[in-house]
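Trainee: Okay, so here is query01.txt, and as you'll see once you scroll down, it has compact mmCIF, N, CA, C and O atoms.
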```
# COMPACT_ATOMS: atom_id res chain seq x y z
N MET U 27 -24.66 -1.93 -19.23
CA MET U 27 -23.72 -3.02 -19.26
C MET U 27 -22.77 -2.92 -18.07
O MET U 27 -22.28 -1.85 -17.74
N THR U 28 -22.51 -4.02 -17.43
CA THR U 28 -21.64 -4.07 -16.26
C THR U 28 -20.22 -4.42 -16.68
O THR U 28 -20.00 -5.40 -17.38
N THR U 29 -19.27 -3.61 -16.25
CA THR U 29 -17.86 -3.91 -16.49
C THR U 29 -17.43 -4.93 -15.45
O THR U 29 -17.71 -4.78 -14.26
N ARG U 30 -16.76 -5.97 -15.88
CA ARG U 30 -16.36 -7.04 -14.97
C ARG U 30 -14.90 -6.89 -14.55
O ARG U 30 -14.07 -6.42 -15.32
N LEU U 31 -14.61 -7.33 -13.33
CA LEU U 31 -13.23 -7.31 -12.85
C LEU U 31 -12.40 -8.33 -13.62
O LEU U 31 -12.85 -9.42 -13.92
N ASP U 32 -11.18 -7.96 -13.91
CA ASP U 32 -10.24 -8.83 -14.60
C ASP U 32 -9.65 -9.81 -13.59
O ASP U 32 -8.97 -9.40 -12.64
N PRO U 33 -9.89 -11.11 -13.75
CA PRO U 33 -9.36 -12.09 -12.79
C PRO U 33 -7.84 -12.05 -12.65
O PRO U 33 -7.31 -12.42 -11.61
N GLN U 34 -7.13 -11.60 -13.68
CA GLN U 34 -5.67 -11.51 -13.60
C GLN U 34 -5.21 -10.44 -12.62
O GLN U 34 -4.07 -10.45 -12.18
N LEU U 35 -6.10 -9.50 -12.29
CA LEU U 35 -5.76 -8.45 -11.33
C LEU U 35 -6.09 -8.85 -9.89
O LEU U 35 -5.87 -8.08 -8.96
N ASN U 36 -6.59 -10.07 -9.70
CA ASN U 36 -6.94 -10.55 -8.37
C ASN U 36 -5.67 -11.07 -7.68
O ASN U 36 -5.49 -12.26 -7.45
N ALA U 37 -4.79 -10.12 -7.37
CA ALA U 37 -3.50 -10.42 -6.73
C ALA U 37 -2.93 -9.15 -6.13
O ALA U 37 -3.19 -8.06 -6.63
N ALA U 38 -2.19 -9.30 -5.08
CA ALA U 38 -1.54 -8.14 -4.45
C ALA U 38 -0.29 -7.76 -5.23
O ALA U 38 0.54 -8.63 -5.53
N PRO U 39 -0.13 -6.48 -5.58
CA PRO U 39 1.10 -6.05 -6.26
C PRO U 39 2.28 -6.06 -5.28
O PRO U 39 2.10 -6.14 -4.06
N ASP U 40 3.47 -5.96 -5.82
CA ASP U 40 4.67 -5.98 -4.99
C ASP U 40 4.83 -4.73 -4.14
O ASP U 40 5.26 -4.81 -3.00
N ASP U 41 4.49 -3.58 -4.69
CA ASP U 41 4.69 -2.31 -3.99
C ASP U 41 3.34 -1.74 -3.57
O ASP U 41 2.62 -1.19 -4.39
N ILE U 42 3.01 -1.90 -2.30
CA ILE U 42 1.73 -1.42 -1.78
C ILE U 42 1.97 -0.38 -0.71
O ILE U 42 2.68 -0.63 0.26
N ARG U 43 1.37 0.78 -0.89
CA ARG U 43 1.41 1.82 0.13
C ARG U 43 0.00 2.20 0.58
O ARG U 43 -0.23 2.44 1.74
N HIS U 44 -0.94 2.25 -0.38
CA HIS U 44 -2.31 2.69 -0.10
C HIS U 44 -3.27 1.54 -0.41
O HIS U 44 -3.32 1.05 -1.53
N ILE U 45 -4.04 1.14 0.62
CA ILE U 45 -5.03 0.08 0.47
C ILE U 45 -6.41 0.68 0.75
O ILE U 45 -6.61 1.36 1.76
N HIS U 46 -7.34 0.42 -0.15
CA HIS U 46 -8.73 0.87 0.03
C HIS U 46 -9.60 -0.36 0.25
O HIS U 46 -9.49 -1.34 -0.48
N ILE U 47 -10.48 -0.29 1.26
CA ILE U 47 -11.35 -1.42 1.59
C ILE U 47 -12.79 -1.04 1.33
O ILE U 47 -13.34 -0.14 1.98
N MET U 48 -13.42 -1.73 0.39
CA MET U 48 -14.84 -1.54 0.10
C MET U 48 -15.64 -2.44 1.04
O MET U 48 -15.46 -3.64 1.06
N GLY U 49 -16.52 -1.83 1.83
CA GLY U 49 -17.27 -2.57 2.85
C GLY U 49 -16.52 -2.59 4.17
O GLY U 49 -16.58 -3.55 4.92
N VAL U 50 -15.84 -1.50 4.48
CA VAL U 50 -14.92 -1.42 5.62
C VAL U 50 -15.60 -1.45 6.99
O VAL U 50 -14.94 -1.74 7.98
N CYS U 51 -16.88 -1.18 7.08
CA CYS U 51 -17.51 -1.06 8.39
C CYS U 51 -18.00 -2.38 8.99
O CYS U 51 -18.52 -2.39 10.10
N GLY U 52 -17.83 -3.47 8.28
CA GLY U 52 -18.10 -4.77 8.90
C GLY U 52 -17.05 -5.04 9.97
O GLY U 52 -15.93 -4.54 9.89
N THR U 53 -17.40 -5.82 10.97
CA THR U 53 -16.46 -6.03 12.06
C THR U 53 -15.15 -6.67 11.60
O THR U 53 -14.07 -6.28 12.04
N GLY U 54 -15.23 -7.64 10.70
CA GLY U 54 -14.02 -8.28 10.20
C GLY U 54 -13.19 -7.35 9.34
O GLY U 54 -11.96 -7.28 9.48
N MET U 55 -13.85 -6.62 8.46
CA MET U 55 -13.13 -5.71 7.56
C MET U 55 -12.50 -4.55 8.34
O MET U 55 -11.39 -4.13 8.04
N ALA U 56 -13.22 -4.04 9.33
CA ALA U 56 -12.67 -2.95 10.15
C ALA U 56 -11.45 -3.42 10.92
O ALA U 56 -10.46 -2.69 11.04
N ALA U 57 -11.50 -4.66 11.42
CA ALA U 57 -10.34 -5.21 12.14
C ALA U 57 -9.14 -5.33 11.19
O ALA U 57 -8.02 -4.98 11.56
N ILE U 58 -9.39 -5.81 9.98
CA ILE U 58 -8.31 -5.91 8.99
C ILE U 58 -7.76 -4.51 8.68
O ILE U 58 -6.54 -4.32 8.61
N ALA U 59 -8.64 -3.54 8.52
CA ALA U 59 -8.22 -2.16 8.25
C ALA U 59 -7.30 -1.66 9.36
O ALA U 59 -6.26 -1.05 9.09
N GLY U 60 -7.70 -1.91 10.60
CA GLY U 60 -6.88 -1.48 11.73
C GLY U 60 -5.51 -2.15 11.74
O GLY U 60 -4.50 -1.49 12.00
N MET U 61 -5.47 -3.43 11.45
CA MET U 61 -4.18 -4.15 11.42
C MET U 61 -3.30 -3.63 10.29
O MET U 61 -2.09 -3.48 10.47
N LEU U 62 -3.89 -3.37 9.13
CA LEU U 62 -3.11 -2.84 8.01
C LEU U 62 -2.57 -1.46 8.33
O LEU U 62 -1.42 -1.16 8.04
N LYS U 63 -3.38 -0.63 8.97
CA LYS U 63 -2.95 0.72 9.37
C LYS U 63 -1.79 0.62 10.35
O LYS U 63 -0.79 1.32 10.23
N GLU U 64 -1.91 -0.25 11.34
CA GLU U 64 -0.84 -0.45 12.33
C GLU U 64 0.44 -0.98 11.68
O GLU U 64 1.53 -0.75 12.19
N SER U 65 0.30 -1.66 10.56
CA SER U 65 1.46 -2.20 9.84
C SER U 65 2.13 -1.15 8.95
O SER U 65 3.12 -1.46 8.29
N GLY U 66 1.56 0.06 8.92
CA GLY U 66 2.20 1.15 8.20
C GLY U 66 1.60 1.52 6.86
O GLY U 66 2.11 2.40 6.18
N TYR U 67 0.52 0.87 6.46
CA TYR U 67 -0.13 1.21 5.20
C TYR U 67 -1.04 2.41 5.37
O TYR U 67 -1.58 2.64 6.45
N ARG U 68 -1.22 3.16 4.28
CA ARG U 68 -2.28 4.16 4.24
C ARG U 68 -3.55 3.38 3.92
O ARG U 68 -3.60 2.64 2.94
N VAL U 69 -4.56 3.51 4.76
CA VAL U 69 -5.79 2.75 4.59
C VAL U 69 -6.97 3.71 4.51
O VAL U 69 -7.11 4.60 5.35
N THR U 70 -7.78 3.51 3.49
CA THR U 70 -9.05 4.22 3.34
C THR U 70 -10.12 3.17 3.17
O THR U 70 -9.83 1.99 2.94
N GLY U 71 -11.37 3.59 3.27
CA GLY U 71 -12.45 2.64 3.10
C GLY U 71 -13.74 3.31 2.72
O GLY U 71 -13.88 4.53 2.78
N SER U 72 -14.69 2.49 2.33
CA SER U 72 -16.02 2.97 2.00
C SER U 72 -17.04 1.95 2.48
O SER U 72 -16.75 0.77 2.59
N ASP U 73 -18.24 2.47 2.76
CA ASP U 73 -19.33 1.59 3.15
C ASP U 73 -20.65 2.33 2.98
O ASP U 73 -20.67 3.56 2.99
N GLN U 74 -21.70 1.58 2.82
CA GLN U 74 -23.03 2.18 2.66
C GLN U 74 -23.55 2.71 3.99
O GLN U 74 -24.20 3.74 4.04
N ASN U 75 -23.30 1.98 5.06
CA ASN U 75 -23.81 2.34 6.38
C ASN U 75 -22.65 2.58 7.33
O ASN U 75 -22.06 1.64 7.84
N VAL U 76 -22.34 3.84 7.54
CA VAL U 76 -21.21 4.21 8.40
C VAL U 76 -21.78 4.76 9.71
O VAL U 76 -22.38 5.82 9.72
N TYR U 77 -21.64 3.98 10.79
CA TYR U 77 -22.16 4.40 12.09
C TYR U 77 -21.41 3.66 13.19
O TYR U 77 -20.74 2.67 12.93
N PRO U 78 -21.51 4.19 14.44
CA PRO U 78 -20.83 3.55 15.56
C PRO U 78 -21.37 2.13 15.78
O PRO U 78 -22.51 1.86 15.46
N PRO U 79 -20.55 1.28 16.33
CA PRO U 79 -19.23 1.55 16.91
C PRO U 79 -18.08 1.48 15.89
O PRO U 79 -16.99 1.94 16.16
N MET U 80 -18.34 0.90 14.70
CA MET U 80 -17.22 0.72 13.77
C MET U 80 -16.70 2.05 13.24
O MET U 80 -15.49 2.21 13.06
N SER U 81 -17.58 3.02 13.01
CA SER U 81 -17.10 4.32 12.52
C SER U 81 -16.19 4.97 13.55
O SER U 81 -15.19 5.59 13.18
N ASP U 82 -16.51 4.83 14.82
CA ASP U 82 -15.66 5.38 15.88
C ASP U 82 -14.31 4.66 15.92
O ASP U 82 -13.26 5.30 16.06
N PHE U 83 -14.34 3.35 15.81
CA PHE U 83 -13.11 2.55 15.81
C PHE U 83 -12.20 2.98 14.66
O PHE U 83 -10.99 3.20 14.84
N LEU U 84 -12.78 3.10 13.46
CA LEU U 84 -11.98 3.46 12.28
C LEU U 84 -11.44 4.88 12.39
O LEU U 84 -10.29 5.13 12.05
N ALA U 85 -12.26 5.81 12.88
CA ALA U 85 -11.80 7.20 13.06
C ALA U 85 -10.65 7.26 14.06
O ALA U 85 -9.66 7.96 13.84
N GLN U 86 -10.79 6.53 15.15
CA GLN U 86 -9.74 6.51 16.18
C GLN U 86 -8.43 5.93 15.62
O GLN U 86 -7.35 6.34 16.01
N ALA U 87 -8.55 4.99 14.67
CA ALA U 87 -7.37 4.40 14.05
C ALA U 87 -6.78 5.29 12.96
O ALA U 87 -5.72 5.00 12.42
N GLY U 88 -7.47 6.39 12.63
CA GLY U 88 -6.98 7.30 11.60
C GLY U 88 -7.27 6.84 10.19
O GLY U 88 -6.55 7.17 9.25
N ILE U 89 -8.36 6.07 10.04
CA ILE U 89 -8.74 5.55 8.73
C ILE U 89 -9.90 6.37 8.19
O ILE U 89 -10.95 6.45 8.81
N GLU U 90 -9.68 6.99 7.03
CA GLU U 90 -10.72 7.78 6.38
C GLU U 90 -11.77 6.85 5.78
O GLU U 90 -11.44 5.93 5.04
N VAL U 91 -13.03 7.10 6.12
CA VAL U 91 -14.13 6.29 5.61
C VAL U 91 -15.07 7.18 4.81
O VAL U 91 -15.53 8.20 5.31
N MET U 92 -15.36 6.77 3.57
CA MET U 92 -16.28 7.49 2.71
C MET U 92 -17.65 6.83 2.77
O MET U 92 -17.75 5.60 2.79
N GLN U 93 -18.69 7.64 2.79
CA GLN U 93 -20.08 7.15 2.83
C GLN U 93 -20.54 6.80 1.42
O GLN U 93 -20.44 7.63 0.52
N GLY U 94 -21.02 5.59 1.23
CA GLY U 94 -21.55 5.17 -0.06
C GLY U 94 -20.48 4.56 -0.94
O GLY U 94 -19.30 4.57 -0.62
N TYR U 95 -20.94 4.00 -2.05
CA TYR U 95 -20.05 3.32 -2.99
C TYR U 95 -20.00 4.10 -4.30
O TYR U 95 -20.53 3.68 -5.32
N VAL U 96 -19.35 5.26 -4.26
CA VAL U 96 -19.28 6.12 -5.43
C VAL U 96 -17.90 6.02 -6.07
O VAL U 96 -16.91 5.73 -5.40
N PRO U 97 -17.82 6.26 -7.38
CA PRO U 97 -16.54 6.13 -8.09
C PRO U 97 -15.42 7.00 -7.52
O PRO U 97 -14.26 6.60 -7.54
N GLU U 98 -15.77 8.16 -7.00
CA GLU U 98 -14.78 9.09 -6.47
C GLU U 98 -14.01 8.53 -5.28
O GLU U 98 -12.95 9.05 -4.93
N ASN U 99 -14.53 7.48 -4.66
CA ASN U 99 -13.82 6.87 -3.52
C ASN U 99 -12.46 6.30 -3.93
O ASN U 99 -11.61 6.09 -3.07
N LEU U 100 -12.26 6.07 -5.21
CA LEU U 100 -10.99 5.50 -5.68
C LEU U 100 -10.03 6.57 -6.18
O LEU U 100 -9.09 6.29 -6.92
N GLU U 101 -10.25 7.81 -5.76
CA GLU U 101 -9.36 8.93 -6.09
C GLU U 101 -8.74 9.44 -4.79
O GLU U 101 -9.48 9.74 -3.86
N PRO U 102 -7.44 9.57 -4.69
CA PRO U 102 -6.46 9.08 -5.66
C PRO U 102 -6.47 7.55 -5.71
O PRO U 102 -6.90 6.89 -4.75
N HIS U 103 -5.98 7.01 -6.80
CA HIS U 103 -6.01 5.57 -7.00
C HIS U 103 -5.19 4.85 -5.93
O HIS U 103 -4.00 5.13 -5.78
N PRO U 104 -5.80 3.91 -5.21
CA PRO U 104 -5.03 3.10 -4.27
C PRO U 104 -4.19 2.07 -5.04
O PRO U 104 -4.42 1.82 -6.22
N ASP U 105 -3.23 1.49 -4.35
CA ASP U 105 -2.39 0.45 -4.95
C ASP U 105 -3.09 -0.90 -4.96
O ASP U 105 -2.79 -1.77 -5.77
N LEU U 106 -4.02 -1.09 -4.02
CA LEU U 106 -4.76 -2.35 -3.86
C LEU U 106 -6.13 -2.03 -3.29
O LEU U 106 -6.25 -1.17 -2.42
N VAL U 107 -7.14 -2.75 -3.77
CA VAL U 107 -8.49 -2.63 -3.23
C VAL U 107 -8.91 -3.98 -2.67
O VAL U 107 -8.79 -5.01 -3.36
N ILE U 108 -9.37 -3.99 -1.44
CA ILE U 108 -9.94 -5.19 -0.86
C ILE U 108 -11.46 -5.05 -0.99
O ILE U 108 -12.05 -4.08 -0.49
N VAL U 109 -12.08 -6.01 -1.67
CA VAL U 109 -13.51 -5.95 -1.98
C VAL U 109 -14.26 -6.84 -0.99
O VAL U 109 -14.09 -8.06 -1.00
N GLY U 110 -15.08 -6.22 -0.15
CA GLY U 110 -15.86 -6.98 0.83
C GLY U 110 -16.99 -7.75 0.18
O GLY U 110 -17.41 -7.45 -0.94
N ASN U 111 -17.50 -8.74 0.90
CA ASN U 111 -18.54 -9.60 0.33
C ASN U 111 -19.88 -8.90 0.18
O ASN U 111 -20.78 -9.43 -0.45
N VAL U 112 -20.04 -7.70 0.71
CA VAL U 112 -21.29 -6.95 0.54
C VAL U 112 -21.33 -6.20 -0.79
O VAL U 112 -22.37 -5.67 -1.18
N ILE U 113 -20.22 -6.15 -1.49
CA ILE U 113 -20.12 -5.37 -2.72
C ILE U 113 -20.75 -6.13 -3.88
O ILE U 113 -20.45 -7.30 -4.11
N GLN U 114 -21.59 -5.42 -4.61
CA GLN U 114 -22.22 -5.99 -5.81
C GLN U 114 -21.57 -5.38 -7.04
O GLN U 114 -21.17 -4.21 -7.04
N ALA U 115 -21.47 -6.15 -8.11
CA ALA U 115 -20.81 -5.71 -9.34
C ALA U 115 -21.44 -4.45 -9.92
O ALA U 115 -20.76 -3.69 -10.61
N VAL U 116 -22.70 -4.20 -9.64
CA VAL U 116 -23.39 -3.03 -10.21
C VAL U 116 -23.12 -1.75 -9.42
O VAL U 116 -23.48 -0.67 -9.88
N PHE U 117 -22.49 -1.82 -8.27
CA PHE U 117 -22.20 -0.62 -7.49
C PHE U 117 -21.24 0.27 -8.30
O PHE U 117 -20.27 -0.24 -8.87
N PRO U 118 -21.47 1.58 -8.34
CA PRO U 118 -20.60 2.47 -9.11
C PRO U 118 -19.12 2.37 -8.73
O PRO U 118 -18.26 2.45 -9.61
N GLU U 119 -18.83 2.18 -7.47
CA GLU U 119 -17.43 2.06 -7.05
C GLU U 119 -16.80 0.79 -7.61
O GLU U 119 -15.65 0.78 -8.05
N ALA U 120 -17.55 -0.31 -7.62
CA ALA U 120 -17.06 -1.57 -8.19
C ALA U 120 -16.85 -1.43 -9.70
O ALA U 120 -15.87 -1.95 -10.24
N GLN U 121 -17.75 -0.73 -10.36
CA GLN U 121 -17.61 -0.49 -11.79
C GLN U 121 -16.34 0.31 -12.08
O GLN U 121 -15.60 0.01 -13.01
N ARG U 122 -16.11 1.33 -11.25
CA ARG U 122 -14.91 2.17 -11.44
C ARG U 122 -13.64 1.35 -11.19
O ARG U 122 -12.64 1.52 -11.88
N LEU U 123 -13.67 0.47 -10.21
CA LEU U 123 -12.53 -0.40 -9.92
C LEU U 123 -12.19 -1.22 -11.17
O LEU U 123 -11.03 -1.32 -11.56
N ALA U 124 -13.20 -1.79 -11.80
CA ALA U 124 -12.99 -2.60 -13.00
C ALA U 124 -12.44 -1.74 -14.14
O ALA U 124 -11.53 -2.16 -14.86
N GLU U 125 -12.96 -0.53 -14.30
CA GLU U 125 -12.51 0.36 -15.36
C GLU U 125 -11.05 0.77 -15.18
O GLU U 125 -10.29 0.87 -16.15
N LEU U 126 -10.65 1.04 -13.93
CA LEU U 126 -9.29 1.52 -13.65
C LEU U 126 -8.25 0.41 -13.72
O LEU U 126 -7.06 0.70 -13.89
N GLY U 127 -8.66 -0.83 -13.53
CA GLY U 127 -7.70 -1.92 -13.58
C GLY U 127 -6.77 -1.96 -12.39
O GLY U 127 -5.61 -2.33 -12.51
N ILE U 128 -7.27 -1.59 -11.22
CA ILE U 128 -6.48 -1.62 -9.99
C ILE U 128 -6.47 -3.05 -9.44
O ILE U 128 -7.52 -3.71 -9.43
N PRO U 129 -5.33 -3.55 -8.97
CA PRO U 129 -5.31 -4.87 -8.35
C PRO U 129 -6.27 -4.92 -7.16
O PRO U 129 -6.46 -3.93 -6.45
N TYR U 130 -6.87 -6.09 -6.96
CA TYR U 130 -7.87 -6.26 -5.90
C TYR U 130 -7.77 -7.64 -5.28
O TYR U 130 -7.25 -8.58 -5.88
N LEU U 131 -8.28 -7.74 -4.08
CA LEU U 131 -8.42 -9.02 -3.39
C LEU U 131 -9.83 -9.09 -2.84
O LEU U 131 -10.44 -8.08 -2.55
```
Go ahead and express the file in the form of structure tokens.

Mentor:
Amino acid sequence: MTTRLDPQLNAAPDDIRHIHIMGVCGTGMAAIAGMLKESGYRVTGSDQNVYPPMSDFLAQAGIEVMQGYVPENLEPHPDLVIVGNVIQAVFPEAQRLAELGIPYL
């Protein structure tokens, strides 16, 4: 059985320090990650395929990238998760996001 995301959590909370991006190695998502990092947020990310040039860009920006979509990627719990369009509801990380009830966009 697939746990579904709660639509009421599809909003940014008021107090955000740590943002996690699922699907961070896409060019658009990596650019957003870089801008968020430059704005002072702690940014982490995950992706199935982590390789240059985006992995180099993210490393240079000081953004930790985890390989694969595993539940442990959400430890410690971020304040907000940005879910990329490559993410499927059956991915273990997406399932864990739904279980934890973390706000997402």

Trainee: Hey, what does DSSP flag as helix (DSSP H, G or I) within chain U? Can you give it to me as number ranges by chain?

Mentor: U: 33-35, 53-64, 80-86, 97-100, 118-126

Trainee: Just the strand (DSSP E) stuff from chain U, please, per backbone DSSP, written as a PyMOL selection string.

Mentor: chain U and resi 44-48+68-73+90-93+106-109

Trainee: So the first atom is atom CA of Leu35 of chain U and the second is atom C of Phe83 of chain U; what is the distance between them in Å, to one decimal place?

Mentor: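 Interatomic distance, atom CA of Leu35 of chain U to atom C of Phe83 of chain U: 29.1 Å.
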
Trainee: Which neighbours of Ile45 of chain U fall inside 7 Å, counting only N, CA, C and O atoms, when residues of the same chain fewer than 6 positions from it are skipped, and could you give them as number ranges by chain?

Mentor: U: 67-71, 104-108

Trainee: Can you measure atom CA of Gly60 of chain U to atom CA of Arg30 of chain U for me? One decimal in Å is fine.

Mentor: 28.9 Å

Trainee: Which residues come within 10 Å of Met48 of chain U, counting only C-alpha atoms, excluding same-chain residues fewer than 6 positions away, as a count of residues only?

Mentor: 21

Trainee: Between U:Ala38, U:Ala87, U:Val96, U:Leu31, which is the closest to Ala59 of chain U once you count only C-alpha atoms?

Mentor: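 Closest candidate: U:Ala87.
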
Trainee: Would you compute the distance between atom CA of Tyr77 of chain U and atom CA of Ile47 of chain U? Give it in Å to one decimal.

Mentor: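 Pair atom CA of Tyr77 of chain U / atom CA of Ile47 of chain U returns 16.2 Å.
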
Trainee: For Val50 of chain U, which residue among U:Gln93, U:Gln86, U:Gln34, U:Thr28 is the nearest when counting only C-alpha atoms?

Mentor: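 Selected residue with least distance to Val50 of chain U: U:Gln93.
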
Trainee: Around segment 105-116 of chain U, with edges along x, y and z and 8 Å added on all six sides, what centre and edge lengths do you get, in Å to one decimal, as JSON?

Mentor:
```
{"center_x": -12.9, "center_y": -4.1, "center_z": -4.9, "size_x": 37.1, "size_y": 27.1, "size_z": 27.5}
```

Trainee: Show which residues sit within 7 Å of Gly52 of chain U, as a list in words. Count only N, CA, C and O atoms, and ignore same-chain residues fewer than 4 positions away.

Mentor: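 Final neighbour list, sorted by chain and number: Ala56, Ala57, Ile58, Asn75 and Met80 of chain U.
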
Trainee: Which residue, U:Asp41, U:Met61, U:Glu98, U:Glu90, has the smallest gap to Leu126 of chain U when you use only C-alpha atoms?

Mentor: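 Counting only C-alpha atoms, the residue closest to Leu126 of chain U is U:Glu98.
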
Trainee: Find, counting all atoms listed in the file, the residue in U:Ala37, U:Cys51, U:Leu62, U:Ile89 that gets nearest to Leu131 of chain U.

Mentor: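 Residue with the minimum atom-to-atom distance to Leu131 of chain U: U:Ala37.
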